[in-house]
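With mmCIF, C-alpha atoms inside, this is start31.cif:
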data_protein
#
loop_
_atom_site.label_atom_id
_atom_site.label_comp_id
_atom_site.auth_asym_id
_atom_site.auth_seq_id
_atom_site.Cartn_x
_atom_site.Cartn_y
_atom_site.Cartn_z
CA MET A 1 -29.44 -132.50 82.24
CA GLU A 2 -28.43 -135.66 80.41
CA HIS A 3 -27.99 -137.55 83.69
CA PHE A 4 -31.44 -136.54 84.91
CA ALA A 5 -33.04 -137.49 81.59
CA ARG A 6 -31.36 -140.88 81.75
CA TYR A 7 -32.62 -141.34 85.30
CA ALA A 8 -36.18 -140.48 84.18
CA GLU A 9 -35.87 -142.90 81.28
CA ARG A 10 -34.77 -145.78 83.53
CA VAL A 11 -37.41 -145.14 86.18
CA THR A 12 -40.11 -144.97 83.52
CA ALA A 13 -38.92 -148.21 81.96
CA LYS A 14 -39.61 -149.93 85.29
CA LEU A 15 -42.63 -148.02 86.57
CA GLY A 16 -44.16 -146.13 83.65
CA ASP A 17 -47.19 -148.39 83.31
CA VAL A 18 -48.19 -147.82 86.96
CA MET A 19 -47.59 -144.04 87.16
CA PRO A 20 -50.66 -142.08 85.99
CA TRP A 21 -49.18 -138.76 87.20
CA VAL A 22 -45.52 -137.76 87.20
CA ALA A 23 -43.92 -134.55 88.48
CA THR A 24 -40.37 -134.25 87.18
CA LEU A 25 -39.22 -131.58 89.67
CA ASN A 26 -40.56 -130.41 93.02
CA GLU A 27 -40.69 -126.64 93.49
CA PRO A 28 -37.89 -125.72 91.07
CA ASN A 29 -38.91 -122.08 91.51
CA VAL A 30 -38.54 -121.96 95.29
CA ILE A 31 -35.03 -120.45 95.42
CA THR A 32 -36.05 -117.71 93.00
CA MET A 33 -39.19 -117.05 95.03
CA LEU A 34 -37.27 -116.73 98.30
CA GLU A 35 -34.82 -114.34 96.67
CA LEU A 36 -37.32 -112.11 94.89
CA THR A 37 -39.68 -111.84 97.85
CA GLY A 38 -36.83 -111.24 100.29
CA VAL A 39 -38.25 -113.87 102.67
CA ILE A 40 -34.82 -115.51 102.92
CA PRO A 41 -32.09 -113.35 101.33
CA LEU A 42 -29.53 -115.49 99.57
CA GLY A 43 -25.80 -115.69 99.19
CA GLN A 44 -24.47 -114.43 102.54
CA GLY A 45 -23.23 -116.17 105.64
CA ASP A 46 -25.02 -115.39 108.93
CA ARG A 47 -26.85 -118.57 109.84
CA GLY A 48 -27.61 -118.13 113.54
CA PRO A 49 -30.56 -120.14 114.90
CA LEU A 50 -33.18 -118.70 117.18
CA GLU A 51 -33.00 -119.84 120.80
CA GLU A 52 -36.44 -121.44 120.52
CA SER A 53 -35.65 -123.34 117.31
CA ARG A 54 -36.07 -126.71 119.01
CA ASP A 55 -39.65 -126.13 120.12
CA THR A 56 -42.85 -125.23 118.31
CA THR A 57 -42.63 -121.48 118.77
CA PRO A 58 -43.52 -119.75 115.46
CA SER A 59 -40.33 -118.90 113.62
CA GLY A 60 -38.77 -119.26 110.22
CA VAL A 61 -38.62 -122.74 108.73
CA GLY A 62 -35.93 -124.60 110.61
CA GLY A 63 -36.07 -122.15 113.49
CA TYR A 64 -33.69 -119.68 111.86
CA ASP A 65 -34.24 -115.98 112.20
CA PRO A 66 -35.44 -114.79 108.75
CA SER A 67 -33.90 -111.36 109.39
CA ARG A 68 -30.39 -112.85 109.73
CA TYR A 69 -30.44 -116.19 107.92
CA ARG A 70 -28.63 -116.46 104.59
CA MET A 71 -29.13 -119.68 102.68
CA GLY A 72 -25.96 -119.43 100.62
CA LEU A 73 -27.60 -121.01 97.58
CA VAL A 74 -28.23 -119.71 94.10
CA GLY A 75 -31.10 -120.98 91.99
CA ALA A 76 -30.47 -122.45 88.55
CA GLY A 77 -32.98 -120.08 86.96
CA CYS A 78 -36.15 -120.72 85.02
CA GLU A 79 -34.55 -121.34 81.63
CA ARG A 80 -32.11 -123.94 82.92
CA MET A 81 -34.77 -125.70 84.96
CA ARG A 82 -37.07 -125.66 81.93
CA GLU A 83 -34.43 -127.50 79.91
CA ILE A 84 -33.97 -130.11 82.63
CA HIS A 85 -37.72 -130.54 83.05
CA ARG A 86 -38.36 -130.83 79.33
CA ALA A 87 -35.63 -133.44 78.86
CA ALA A 88 -37.11 -135.56 81.65
CA ALA A 89 -40.66 -135.11 80.36
CA GLU A 90 -39.64 -136.28 76.90
CA ALA A 91 -37.92 -139.33 78.37
CA ILE A 92 -41.04 -140.20 80.38
CA LYS A 93 -43.35 -139.75 77.40
CA ALA A 94 -41.13 -142.03 75.29
CA GLY A 95 -41.40 -144.87 77.81
CA PRO A 96 -44.17 -147.32 78.64
CA GLY A 97 -47.51 -146.20 80.03
CA ASP A 98 -49.50 -143.03 79.48
CA SER A 99 -48.37 -140.78 82.32
CA LYS A 100 -49.59 -137.21 82.69
CA VAL A 101 -46.41 -135.19 83.13
CA GLY A 102 -45.81 -131.79 84.74
CA TRP A 103 -43.91 -130.23 87.60
CA THR A 104 -44.93 -128.79 90.97
CA LEU A 105 -44.44 -125.12 91.81
CA ALA A 106 -44.25 -123.28 95.14
CA LEU A 107 -46.95 -120.67 94.65
CA VAL A 108 -47.14 -118.41 97.66
CA ASP A 109 -50.07 -116.02 97.28
CA LEU A 110 -48.15 -112.82 96.51
CA GLN A 111 -49.96 -109.55 97.19
CA PRO A 112 -48.77 -105.93 96.93
CA GLY A 113 -48.62 -103.88 100.11
CA PRO A 114 -48.11 -100.12 100.47
CA GLY A 115 -45.40 -99.04 98.05
CA GLY A 116 -44.76 -102.63 97.04
CA GLU A 117 -46.36 -102.73 93.61
CA GLU A 118 -43.04 -102.76 91.72
CA ARG A 119 -41.51 -105.41 93.98
CA TRP A 120 -44.70 -107.49 93.72
CA ALA A 121 -44.75 -107.31 89.91
CA ARG A 122 -41.09 -108.33 89.70
CA ALA A 123 -41.48 -111.22 92.14
CA ARG A 124 -44.71 -112.42 90.56
CA GLN A 125 -43.18 -112.48 87.11
CA GLY A 126 -39.82 -114.00 88.03
CA ALA A 127 -40.97 -116.50 90.65
CA GLN A 128 -44.36 -117.52 89.29
CA LEU A 129 -45.48 -116.42 85.82
CA ASP A 130 -42.26 -117.35 84.00
CA TRP A 131 -42.50 -120.86 85.45
CA LEU A 132 -46.21 -121.23 84.74
CA GLU A 133 -45.55 -120.39 81.11
CA VAL A 134 -43.25 -123.44 80.96
CA SER A 135 -46.22 -125.56 82.06
CA ARG A 136 -48.13 -124.68 78.90
CA ASP A 137 -46.39 -127.59 77.18
CA ASP A 138 -47.30 -130.02 80.00
CA ASP A 139 -50.32 -132.13 80.90
CA PHE A 140 -50.85 -130.38 84.24
CA VAL A 141 -49.23 -128.09 86.79
CA GLY A 142 -48.91 -128.93 90.47
CA VAL A 143 -49.84 -126.10 92.85
CA GLN A 144 -48.24 -126.05 96.31
CA THR A 145 -49.43 -123.28 98.59
CA TYR A 146 -49.96 -122.57 102.28
CA SER A 147 -50.15 -118.83 102.85
CA ARG A 148 -49.46 -115.39 101.42
CA ASN A 149 -46.67 -112.81 101.36
CA VAL A 150 -47.62 -109.14 101.31
CA LEU A 151 -44.75 -107.32 99.62
CA GLY A 152 -43.47 -103.85 100.37
CA PRO A 153 -40.68 -102.06 98.47
CA ASP A 154 -37.99 -104.04 100.32
CA GLY A 155 -39.68 -107.44 100.32
CA ALA A 156 -42.19 -109.34 102.45
CA LEU A 157 -43.81 -107.23 105.14
CA PRO A 158 -44.03 -108.50 108.74
CA ILE A 159 -47.26 -110.22 109.73
CA PRO A 160 -49.22 -107.80 111.95
CA ASP A 161 -49.49 -108.52 115.66
CA GLY A 162 -52.56 -110.51 116.58
CA VAL A 163 -52.83 -112.30 113.22
CA ALA A 164 -52.89 -116.08 113.59
CA LYS A 165 -49.72 -117.88 112.49
CA MET A 166 -48.72 -121.44 111.80
CA GLN A 167 -45.85 -123.10 113.64
CA THR A 168 -43.67 -122.14 110.69
CA GLY A 169 -44.40 -118.45 111.27
CA TRP A 170 -46.56 -118.21 108.15
CA GLU A 171 -49.88 -116.37 108.31
CA VAL A 172 -52.96 -118.55 108.60
CA TYR A 173 -54.47 -117.60 105.25
CA PRO A 174 -56.51 -120.41 103.63
CA GLU A 175 -57.67 -118.09 100.84
CA ALA A 176 -54.21 -118.61 99.31
CA LEU A 177 -55.33 -121.90 97.76
CA GLY A 178 -58.13 -120.50 95.64
CA HIS A 179 -56.05 -117.49 94.62
CA THR A 180 -53.03 -119.49 93.47
CA VAL A 181 -55.08 -122.18 91.71
CA ARG A 182 -56.75 -119.45 89.64
CA LEU A 183 -53.36 -117.88 88.91
CA ALA A 184 -51.92 -121.23 87.81
CA ALA A 185 -54.88 -122.09 85.60
CA GLU A 186 -54.91 -118.68 83.92
CA HIS A 187 -51.23 -118.51 83.10
CA SER A 188 -50.40 -122.17 82.44
CA GLN A 189 -53.63 -122.90 80.52
CA VAL A 190 -53.43 -126.55 81.59
CA PRO A 191 -55.28 -128.54 84.29
CA VAL A 192 -54.29 -127.96 87.91
CA LEU A 193 -53.49 -130.59 90.53
CA VAL A 194 -53.14 -129.33 94.11
CA THR A 195 -50.10 -131.27 95.26
CA GLU A 196 -49.51 -129.58 98.64
CA ASN A 197 -51.75 -127.60 100.98
CA GLY A 198 -52.06 -127.70 104.74
CA MET A 199 -51.16 -126.14 108.07
CA ALA A 200 -48.41 -126.72 110.63
CA THR A 201 -50.15 -126.63 114.01
CA ASP A 202 -50.70 -128.59 117.20
CA ASP A 203 -54.32 -127.36 117.26
CA ASP A 204 -56.26 -129.86 115.18
CA ASP A 205 -59.45 -127.79 115.30
CA ALA A 206 -57.48 -125.00 113.65
CA ARG A 207 -56.26 -127.46 111.00
CA ILE A 208 -59.83 -128.46 110.20
CA ALA A 209 -60.95 -124.82 110.00
CA TYR A 210 -58.05 -123.92 107.71
CA THR A 211 -58.62 -126.90 105.43
CA ARG A 212 -62.38 -126.31 105.28
CA ASP A 213 -61.88 -122.72 104.15
CA ALA A 214 -59.15 -123.71 101.67
CA LEU A 215 -61.40 -126.36 100.12
CA ARG A 216 -64.27 -123.89 99.87
CA GLY A 217 -62.00 -121.65 97.84
CA LEU A 218 -61.04 -124.62 95.67
CA ALA A 219 -64.70 -125.56 95.18
CA ALA A 220 -65.38 -122.01 94.02
CA CYS A 221 -62.63 -122.42 91.42
CA VAL A 222 -64.27 -125.62 90.14
CA ALA A 223 -67.67 -123.93 90.06
CA ASP A 224 -66.16 -121.17 87.91
CA GLY A 225 -64.84 -123.71 85.41
CA VAL A 226 -61.23 -124.14 86.54
CA ASP A 227 -60.04 -127.64 85.58
CA VAL A 228 -58.91 -128.98 88.97
CA LYS A 229 -57.88 -132.63 88.81
CA GLY A 230 -57.45 -133.27 92.53
CA TYR A 231 -56.34 -132.17 95.99
CA LEU A 232 -53.47 -133.66 98.00
CA HIS A 233 -53.23 -132.56 101.62
CA TRP A 234 -49.82 -131.94 103.18
CA THR A 235 -49.39 -134.23 104.85
CA LEU A 236 -50.59 -137.68 105.90
CA LEU A 237 -48.09 -138.13 108.76
CA ASP A 238 -46.32 -135.61 110.93
CA ASN A 239 -43.05 -135.48 109.01
CA PHE A 240 -39.38 -134.63 109.36
CA GLU A 241 -39.50 -131.01 108.21
CA TRP A 242 -36.04 -130.04 107.03
CA MET A 243 -34.02 -128.34 109.79
CA SER A 244 -37.05 -128.27 112.09
CA GLY A 245 -37.00 -132.02 112.59
CA PHE A 246 -40.36 -133.16 113.94
CA ALA A 247 -41.24 -129.83 115.59
CA LYS A 248 -43.59 -128.61 112.85
CA THR A 249 -46.66 -130.85 112.75
CA PHE A 250 -48.44 -130.78 109.39
CA GLY A 251 -49.88 -134.30 109.60
CA LEU A 252 -53.40 -135.67 109.62
CA ILE A 253 -51.90 -138.56 111.58
CA ALA A 254 -49.67 -137.98 114.60
CA PHE A 255 -46.32 -139.73 114.46
CA ASP A 256 -44.09 -140.39 117.45
CA PRO A 257 -40.46 -140.56 116.25
CA VAL A 258 -39.41 -142.41 119.41
CA ASP A 259 -41.79 -145.37 119.43
CA PHE A 260 -43.12 -144.94 115.85
CA ARG A 261 -46.74 -144.95 116.97
CA ARG A 262 -49.27 -143.45 114.60
CA ALA A 263 -52.53 -141.92 115.79
CA PRO A 264 -55.14 -140.51 113.39
CA LYS A 265 -56.24 -137.01 114.35
CA PRO A 266 -59.84 -135.77 114.10
CA SER A 267 -58.78 -133.82 111.00
CA ALA A 268 -58.00 -137.11 109.22
CA ARG A 269 -61.48 -138.45 109.88
CA TRP A 270 -63.03 -135.11 108.91
CA LEU A 271 -61.17 -134.95 105.60
CA GLY A 272 -62.08 -138.57 104.90
CA GLN A 273 -65.75 -137.72 105.37
CA VAL A 274 -65.42 -134.76 103.01
CA ALA A 275 -63.79 -136.99 100.38
CA ARG A 276 -66.43 -139.71 100.66
CA ALA A 277 -69.32 -137.25 100.51
CA ASN A 278 -67.62 -135.03 97.90
CA GLU A 279 -69.10 -132.16 99.86
CA ILE A 280 -67.79 -129.59 102.35
CA GLU A 281 -69.96 -129.32 105.43
#

Conversion result in structure tokens:
Amino acid sequence: MEHFARYAERVTAKLGDVMPWVATLNEPNVITMLELTGVIPLGQGDRGPLEESRDTTPSGVGGYDPSRYRMGLVGAGCERMREIHRAAAEAIKAGPGDSKVGWTLALVDLQPGPGGEERWARARQGAQLDWLEVSRDDDFVGVQTYSRNVLGPDGALPIPDGVAKMQTGWEVYPEALGHTVRLAAEHSQVPVLVTENGMATDDDDARIAYTRDALRGLAACVADGVDVKGYLHWTLLDNFEWMSGFAKTFGLIAFDPVDFRRAPKPSARWLGQVARANEIE
């Protein structure tokens, strides 16, 4: 904790006057979320990849079979991460500038399925609400969401056949953005900044449709009085996505990792038009 606080202090000394927004930690709740939802059970050893892990076939992040993959990691827990976050936030506030300080949370839209009410309540509390309560002492909370998990008694239920999926294997469910922004605002009681939202797909028309519906849900939040400070799309460029490499394409701009060429997609121009007009068509 002391090392991280010292790091925050030194970075702020150099950059504090040019950083209007600072997130101390990115998705500190993600390990707890994966554990409590059963999406990726933790602490065991089978790590076999799927045969199609090198292509864009929908599968678990990294191409690993979610039914067999064991991450082998243990989260630090909300209380420990709160201490680390608070120490860094205090160091940033003590430095130059007037940065708004918070952290970003992975907020999958959790929903109870048949017989899953108890599992849902436990996962929602431990992976979301406990962390949002920490944000009550911050200037904002960053919401990062893409889809939903419907929970049964043993964890996340399989996505039904015929339901559209992203390259990551997640359900195409743009309503998740509005739902999780409302959750974050209600339980943190601070302004919300959407710091990640998007879709991994090679179908850019599908990306536009997903983003349009997600932004409509966000606009409804604003209309209902939710203090939303901004929206950051994930992501500008097709990126190196953990163990998936460049196979999962989230970007508004195509990126070729061989020749480094960049090519704006129609979704980039569409989102630019939405931003300039401040209106969703």

query: Which one of A:Phe246, A:Phe4, A:Phe240, A:Trp270 sits closest to Glu90 of chain A if you count only C-alpha atoms?
result: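 Smallest separation from Glu90 of chain A among the options: A:Phe4.
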
query: Which is closest to Val108 of chain A among A:Asp154, A:Asp137, A:Glu175, A:Ala89, if we use only C-alpha atoms?
result: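 Smallest distance to Val108 of chain A is found for A:Glu175.
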
Would you list the contacts of Asp138 of chain A as a short mmCIF file (atom, residue, chain, number, x, y, z; two decimals) with C-alpha atoms, in the frame of the given file, taking every protein, DNA or RNA residue within 12 Å and counting all atoms listed in the file, but skipping same-chain residues closer than 6 positions in sequence?
data_model
loop_
_atom_site.label_atom_id
_atom_site.label_comp_id
_atom_site.auth_asym_id
_atom_site.auth_seq_id
_atom_site.Cartn_x
_atom_site.Cartn_y
_atom_site.Cartn_z
CA TRP A 21 -49.18 -138.76 87.20
CA VAL A 22 -45.52 -137.76 87.20
CA ALA A 23 -43.92 -134.55 88.48
CA THR A 24 -40.37 -134.25 87.18
CA ARG A 82 -37.07 -125.66 81.93
CA HIS A 85 -37.72 -130.54 83.05
CA ARG A 86 -38.36 -130.83 79.33
CA ALA A 88 -37.11 -135.56 81.65
CA ALA A 89 -40.66 -135.11 80.36
CA GLU A 90 -39.64 -136.28 76.90
CA ILE A 92 -41.04 -140.20 80.38
CA LYS A 93 -43.35 -139.75 77.40
CA SER A 99 -48.37 -140.78 82.32
CA LYS A 100 -49.59 -137.21 82.69
CA VAL A 101 -46.41 -135.19 83.13
CA GLY A 102 -45.81 -131.79 84.74
CA TRP A 103 -43.91 -130.23 87.60
CA THR A 104 -44.93 -128.79 90.97
CA TRP A 131 -42.50 -120.86 85.45
CA LEU A 132 -46.21 -121.23 84.74
CA SER A 188 -50.40 -122.17 82.44
CA GLN A 189 -53.63 -122.90 80.52
CA VAL A 190 -53.43 -126.55 81.59
CA PRO A 191 -55.28 -128.54 84.29
CA VAL A 192 -54.29 -127.96 87.91
#

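With all atoms listed in the file as the atoms that count, the residue of A:Leu25, A:Ala121, A:Leu252, A:Leu271 with the shortest distance to Ser135 of chain A is A:Leu25.
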
field: Between atom CA of Leu193 of chain A and atom CA of Asn26 of chain A - distance in Å to one decimal
entry: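 So the two atoms, atom CA of Asn26 of chain A and atom CA of Leu193 of chain A, lie 13.2 Å apart.
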
Residues of segment 123-158 of chain A that approach segment 212-236 of chain A to 10 Å or less, counting only C-alpha atoms: could you list each one with the shortest pair of atoms and its distance in Å to one decimal, rows by chain and increasing residue number, as CSV?
residue,atom,partner,partner_atom,distance
A:Phe140,CA,A:Lys229,CA,8.7
A:Val141,CA,A:Val228,CA,10.0
A:Gly142,CA,A:Gly230,CA,9.8
A:Val143,CA,A:Tyr231,CA,9.4
A:Gln144,CA,A:Trp234,CA,9.2
A:Thr145,CA,A:Trp234,CA,9.8
A:Tyr146,CA,A:Ala214,CA,9.3

Selection file, C-alpha atoms, as a PDB file, in the coordinates of the input:
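Full text of part-v1.pdb as output:
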ATOM      1  CA  PHE A 140     -50.850-130.380  84.240  1.00  0.00           C
ATOM      2  CA  VAL A 141     -49.230-128.090  86.790  1.00  0.00           C
ATOM      3  CA  GLY A 142     -48.910-128.930  90.470  1.00  0.00           C
ATOM      4  CA  VAL A 143     -49.840-126.100  92.850  1.00  0.00           C
ATOM      5  CA  GLN A 144     -48.240-126.050  96.310  1.00  0.00           C
ATOM      6  CA  THR A 145     -49.430-123.280  98.590  1.00  0.00           C
ATOM      7  CA  TYR A 146     -49.960-122.570 102.280  1.00  0.00           C
TER       8      TYR A 146
END

- request: Kindly give the distance, in Å, that separates atom CA of Arg148 of chain A and atom CA of Glu171 of chain A, rounded to a single decimal.
  value: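 It comes out at 7.0 Å.
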
field: For Glu83 of chain A: contacts at 8 Å, all atoms listed in the file, fewer than 4 positions along chain excluded, given as a list in words
entry: Met1, Glu79 and Ala87 of chain A

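Using all atoms listed in the file, the residues found no farther than 9 Å from Thr12 of chain A, other than those of its own chain fewer than 5 positions away, are Tyr7, Asp17, Met19, Ala91, Ile92, Lys93, Ala94, Gly95, Pro96 and Gly97 of chain A.
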
Go ahead and write the residues just picked, C-alpha atoms, as a PDB file, in the coordinates of the input.
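In the end it all went to result28.pdb:
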ATOM      1  CA  TYR A   7     -32.620-141.340  85.300  1.00  0.00           C
ATOM      2  CA  ASP A  17     -47.190-148.390  83.310  1.00  0.00           C
ATOM      3  CA  MET A  19     -47.590-144.040  87.160  1.00  0.00           C
ATOM      4  CA  ALA A  91     -37.920-139.330  78.370  1.00  0.00           C
ATOM      5  CA  ILE A  92     -41.040-140.200  80.380  1.00  0.00           C
ATOM      6  CA  LYS A  93     -43.350-139.750  77.400  1.00  0.00           C
ATOM      7  CA  ALA A  94     -41.130-142.030  75.290  1.00  0.00           C
ATOM      8  CA  GLY A  95     -41.400-144.870  77.810  1.00  0.00           C
ATOM      9  CA  PRO A  96     -44.170-147.320  78.640  1.00  0.00           C
ATOM     10  CA  GLY A  97     -47.510-146.200  80.030  1.00  0.00           C
TER      11      GLY A  97
END

task: Translate the PyMOL selection byres ((chain A and resi 256-266) around 9), as applied to the file shown, into an explicit residue set as a count of residues only.
output: 16

Residues within 7 Å of Thr249 of chain A, only C-alpha atoms, excluding chain neighbours under 4 positions, as an mmCIF file with C-alpha atoms, in the coordinates of the input:
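Generated file (result25.cif):
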data_model
loop_
_atom_site.group_PDB
_atom_site.id
_atom_site.type_symbol
_atom_site.label_atom_id
_atom_site.label_comp_id
_atom_site.auth_asym_id
_atom_site.auth_seq_id
_atom_site.Cartn_x
_atom_site.Cartn_y
_atom_site.Cartn_z
ATOM 1 C CA ALA A 200 -48.410 -126.720 110.630
ATOM 2 C CA THR A 201 -50.150 -126.630 114.010
ATOM 3 C CA ASP A 202 -50.700 -128.590 117.200
ATOM 4 C CA ASP A 238 -46.320 -135.610 110.930
ATOM 5 C CA ASN A 239 -43.050 -135.480 109.010
#

field: Top pick for closest residue to Glu133 of chain A, considering A:Ala185, A:Thr211, A:Leu107, A:Gly178 and counting only C-alpha atoms
entry: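 The shortest atom-to-atom distance to Glu133 of chain A comes from A:Ala185.
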
query: Expressed in Å to a single decimal, how great is the separation between atom CA of Ala5 of chain A and atom CA of Val194 of chain A?
result: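 For atom CA of Ala5 of chain A relative to atom CA of Val194 of chain A, the distance reads 25.0 Å.
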
Please determine an axis-aligned box that encloses all atoms of segment 244-258 of chain A listed in the file, with 5 Å added on each side, and express its centre and edge lengths in Å to one decimal as lines of an AutoDock Vina configuration file.
center_x = -45.2
center_y = -135.3
center_z = 114.4
size_x = 26.4
size_y = 24.1
size_z = 20.0

- prompt: Between A:Met243, A:Val163, A:Leu183, A:Val18, which one has atoms that come closest to Asp98 of chain A, using all atoms listed in the file?
  reply: A:Val18

So which residues get picked by the PyMOL selection byres ((chain A and resi 33) around 9) here, written as an mmCIF file with C-alpha atoms, keeping the file's coordinate frame?
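Heads up, here's the output in expr_1.cif:
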data_model
loop_
_atom_site.group_PDB
_atom_site.id
_atom_site.type_symbol
_atom_site.label_atom_id
_atom_site.label_comp_id
_atom_site.auth_asym_id
_atom_site.auth_seq_id
_atom_site.Cartn_x
_atom_site.Cartn_y
_atom_site.Cartn_z
ATOM 1 C CA ASN A 29 -38.910 -122.080 91.510
ATOM 2 C CA VAL A 30 -38.540 -121.960 95.290
ATOM 3 C CA ILE A 31 -35.030 -120.450 95.420
ATOM 4 C CA THR A 32 -36.050 -117.710 93.000
ATOM 5 C CA LEU A 34 -37.270 -116.730 98.300
ATOM 6 C CA GLU A 35 -34.820 -114.340 96.670
ATOM 7 C CA LEU A 36 -37.320 -112.110 94.890
ATOM 8 C CA THR A 37 -39.680 -111.840 97.850
ATOM 9 C CA GLY A 38 -36.830 -111.240 100.290
ATOM 10 C CA VAL A 39 -38.250 -113.870 102.670
ATOM 11 C CA ALA A 106 -44.250 -123.280 95.140
ATOM 12 C CA LEU A 107 -46.950 -120.670 94.650
ATOM 13 C CA VAL A 108 -47.140 -118.410 97.660
ATOM 14 C CA ALA A 123 -41.480 -111.220 92.140
ATOM 15 C CA ARG A 124 -44.710 -112.420 90.560
ATOM 16 C CA GLY A 126 -39.820 -114.000 88.030
ATOM 17 C CA ALA A 127 -40.970 -116.500 90.650
ATOM 18 C CA GLN A 128 -44.360 -117.520 89.290
#

- request: For a cut-off of 9 Å around (-42.8, -110.9, 109.0), file coordinates, pick out all residues using all atoms listed in the file and list them as a PyMOL selection string.
  value: chain A and resi 39+66-67+149+156-160+169-171
